[in-house]
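A short worksheet on the structure shown next.
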Amino acid sequence: MSLPLVSHFNDFLKNVRLTENQVIELKTAHETLRSRLENDEDLKSIIVGTFLQGSYKRSTAVKPRNGNRSDVDIIIVTNLDKESVTPEEALDNFEIFLEKYYSGKYRKQGRSWGIEMSHVDLDVVPTSAPSEIEAQSAGNQFIKSDFTVESLGYNPFETAETSSVNRLIFEASSMFQKSAENTVWKEEPLYIPDREAEIWEKTHPLEQIRWTIEKNKNCNGHYINVVKALKWWRKIKFIDVKHPKSYPLEHFIGDCCPDGIQSVAEGITLTLEKIVSQYFFKPYLSDRGVPEHDVFARVSDDEYEAFYKDVTEVAAIAREAFDSTDISLAVNKWREIFGSEFPEPPKSSSNSSFTPRTHDSGNLTGGRFA
């Protein structure tokens, strides 16, 4: 009988997620920025709306290490015509605004503006919405809100009518379902300005959010925690490794994590084993909503080979931990993967699947059980 080690994984995930203070800092920073953007007299004529994207919105972020700051991505949906406005011009529209509110803290990037606050990094991405339905999507209450996939929670016994939070996700799902029937929504994602390549490039952050909500539901609320766990493994074990970066790694985990998993431990083990058994060579990973984009395009063959070797080694350790019926052995194997943030084994334990508790981990949002 395998050991899901629910309490240990709950504590581990509490240890590696963004802290309460980091969430408050991110929330304050992005809410202030979005309010300023949407009320700016010089910009309100071109701004359709703003919403959050990235790992913060999808609840797959882990806390920063080694002096790095927490970060959040803000999409600005505009009515700029990509046929008549160059990517450089699109970005330049926001420089006066940035100088007014963030003087000395902003920098122009390839496809966005970066803002460096004391404890937070903001990535501001202007986009062009090619269709009316995209503009409507950006106005959806879940998309506009600062709710994340994790804060929505997952409870298989709740319905959309039982909580205000669940009503938000129900409305978001309904919007996506209706939009999915419209081929324009599926075929015309947002466009972001790539000033270095001098092109407008497709992106579909709403589909990435929708996909994550659906995947987390299909994984009984465990998917986003599997992602956080494996991101943490890469962060602490391979500090200097450049690729695969955060989202490409998350996307690959999403493709490999099976539906129906009953615990985070099971999801981690099966995900790693699927990579080992089915992806010896670097795969082509079609981006959510933009299938012609290869998420692994910037990962070299040598980088993938090194990544595959790392996964092969850790998959064997995860399987040993998951299959063990000895609590101390299982916990120590997971600590070998996740480091000291994974709790130590109980002081005294026998060959038992029961994990003694010395304190309450609290409710871990994002799933009823770890």
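By order of appearance in the structure tokens: chains A, B, ..., then residues from 1 within every chain, and ligands from 1 in the order shown.
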
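Residues surrounding Val124 in chain A within 6 Å are Ile74, Ser112 and Trp113 of chain A [only C-alpha atoms; sequence separation below 5 positions excluded].
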
Practice item. Write out as a PyMOL selection string the residues lying within 7 Å of Gln22 in chain A, counting only C-alpha atoms and excluding same-chain residues fewer than 4 positions away. Key: chain A and resi 18+26+70

Can I get the selected residues back with C-alpha atoms, as a PDB file, in the first residue's frame?
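What ended up in result29.pdb:
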```pdb
ATOM      1  CA  LEU A  18       3.992  32.330  -1.731  1.00  0.00           C
ATOM      2  CA  LEU A  26       1.614  41.328  -5.090  1.00  0.00           C
ATOM      3  CA  SER A  70       7.782  37.688  -6.315  1.00  0.00           C
TER       4      SER A  70
END
```

Which range 40-85 of chain A residues have any atom within 12 Å of an atom of range 210-213 of chain A, and for each, what is the nearest pair of atoms with distance in Å to one decimal, counting only C-alpha atoms, rows sorted by chain and number, as a tab-separated table?
```
residue	atom	partner	partner_atom	distance
A:Gln53	CA	A:Arg210	CA	11.2
A:Gly54	CA	A:Thr212	CA	11.1
A:Ser55	CA	A:Thr212	CA	10.3
A:Lys57	CA	A:Thr212	CA	10.0
A:Arg58	CA	A:Thr212	CA	6.7
A:Ser59	CA	A:Thr212	CA	9.1
A:Thr60	CA	A:Thr212	CA	9.5
```

Output C-alpha atoms of each residue in that selection to a file, as a tab-separated table (two decimals), in the first residue's frame.
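Saved file part_38.tsv follows:
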```
chain	number	residue	atom	x	y	z
A	53	GLN	CA	-2.05	35.97	-16.15
A	54	GLY	CA	0.95	33.77	-15.46
A	55	SER	CA	1.74	31.37	-12.64
A	57	LYS	CA	-3.16	33.65	-11.61
A	58	ARG	CA	-2.94	29.93	-12.34
A	59	SER	CA	-1.78	29.22	-8.75
A	60	THR	CA	1.33	27.38	-9.88
```

Point to revise | Polymer residues at most 7 Å from Leu80 in chain A, only C-alpha atoms, same-chain spacing of 3 or more positions, as a list in words | key: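 My list of contacting residues is Ile46, Val85 and Ser128 of chain A.
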
Include C-alpha atoms and write out the residues we just selected as a CSV table (one decimal), in the first residue's frame.
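Done, and the output landed in out-v1.csv:
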```
chain,number,residue,atom,x,y,z
A,46,ILE,CA,-7.2,52.6,-25.9
A,85,VAL,CA,0.5,50.2,-35.1
A,128,SER,CA,-4.3,43.8,-29.2
```

**Study point:** Counting only C-alpha atoms, the option among A:Val276, A:Ala61, A:Cys257, A:Leu249 closest to Asn220 in chain A
**Key:** A:Cys257

Practice item. Enumerate the residues of range 278-338 of chain A with a DSSP assignment of helix (DSSP H, G or I), computed from the backbone, and present them as an MDAnalysis selection string. Key: chainID A and resid 278 301:323 327:338

10 Å contact set for Arg234 in chain A, only C-alpha atoms, chain neighbours under 2 positions out, as an mmCIF file with N, CA and C atoms, in the first residue's frame:
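Generated file (part11.cif):
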```cif
data_model
loop_
_atom_site.group_PDB
_atom_site.id
_atom_site.type_symbol
_atom_site.label_atom_id
_atom_site.label_comp_id
_atom_site.auth_asym_id
_atom_site.auth_seq_id
_atom_site.Cartn_x
_atom_site.Cartn_y
_atom_site.Cartn_z
ATOM 1 N N ALA A 229 5.045 21.475 -6.625
ATOM 2 C CA ALA A 229 6.048 20.574 -6.065
ATOM 3 C C ALA A 229 7.211 20.377 -7.032
ATOM 4 N N LEU A 230 6.897 20.113 -8.300
ATOM 5 C CA LEU A 230 7.958 19.856 -9.271
ATOM 6 C C LEU A 230 8.701 21.133 -9.648
ATOM 7 N N LYS A 231 8.048 22.269 -9.626
ATOM 8 C CA LYS A 231 8.761 23.532 -9.829
ATOM 9 C C LYS A 231 9.762 23.757 -8.695
ATOM 10 N N TRP A 232 9.352 23.415 -7.480
ATOM 11 C CA TRP A 232 10.247 23.598 -6.343
ATOM 12 C C TRP A 232 11.465 22.678 -6.467
ATOM 13 N N ILE A 236 15.341 24.224 -6.469
ATOM 14 C CA ILE A 236 16.369 24.024 -5.443
ATOM 15 C C ILE A 236 17.493 23.095 -5.897
ATOM 16 N N LYS A 237 17.203 22.212 -6.834
ATOM 17 C CA LYS A 237 18.212 21.234 -7.250
ATOM 18 C C LYS A 237 19.040 21.707 -8.446
ATOM 19 N N PHE A 238 18.480 22.616 -9.241
ATOM 20 C CA PHE A 238 19.173 23.020 -10.466
ATOM 21 C C PHE A 238 19.120 24.540 -10.584
ATOM 22 N N ILE A 239 19.809 25.196 -9.671
ATOM 23 C CA ILE A 239 19.744 26.645 -9.524
ATOM 24 C C ILE A 239 20.183 27.370 -10.787
ATOM 25 N N ASP A 240 21.218 26.858 -11.439
ATOM 26 C CA ASP A 240 21.795 27.562 -12.586
ATOM 27 C C ASP A 240 21.256 27.086 -13.936
ATOM 28 N N VAL A 241 20.321 26.141 -13.916
ATOM 29 C CA VAL A 241 19.776 25.625 -15.175
ATOM 30 C C VAL A 241 18.783 26.630 -15.745
ATOM 31 N N PRO A 244 14.212 23.763 -19.004
ATOM 32 C CA PRO A 244 13.007 24.527 -19.313
ATOM 33 C C PRO A 244 12.623 25.475 -18.188
ATOM 34 N N LYS A 245 12.167 26.660 -18.584
ATOM 35 C CA LYS A 245 11.761 27.674 -17.626
ATOM 36 C C LYS A 245 10.403 27.327 -17.016
ATOM 37 N N SER A 246 9.908 28.263 -16.217
ATOM 38 C CA SER A 246 8.727 28.018 -15.401
ATOM 39 C C SER A 246 7.520 27.546 -16.207
ATOM 40 N N LEU A 249 7.975 24.186 -18.251
ATOM 41 C CA LEU A 249 7.959 23.057 -17.324
ATOM 42 C C LEU A 249 6.531 22.771 -16.877
ATOM 43 N N PHE A 307 17.819 17.572 -18.867
ATOM 44 C CA PHE A 307 16.557 17.564 -18.122
ATOM 45 C C PHE A 307 16.007 16.140 -18.022
ATOM 46 N N ASP A 310 17.845 14.157 -15.469
ATOM 47 C CA ASP A 310 17.426 14.555 -14.121
ATOM 48 C C ASP A 310 16.089 13.917 -13.757
ATOM 49 N N VAL A 311 15.143 13.943 -14.689
ATOM 50 C CA VAL A 311 13.815 13.382 -14.446
ATOM 51 C C VAL A 311 13.905 11.877 -14.224
ATOM 52 N N ILE A 337 14.195 14.579 -2.601
ATOM 53 C CA ILE A 337 13.741 15.300 -3.797
ATOM 54 C C ILE A 337 13.491 16.769 -3.497
ATOM 55 N N PHE A 338 12.778 17.049 -2.412
ATOM 56 C CA PHE A 338 12.269 18.398 -2.161
ATOM 57 C C PHE A 338 13.045 19.189 -1.111
#
```
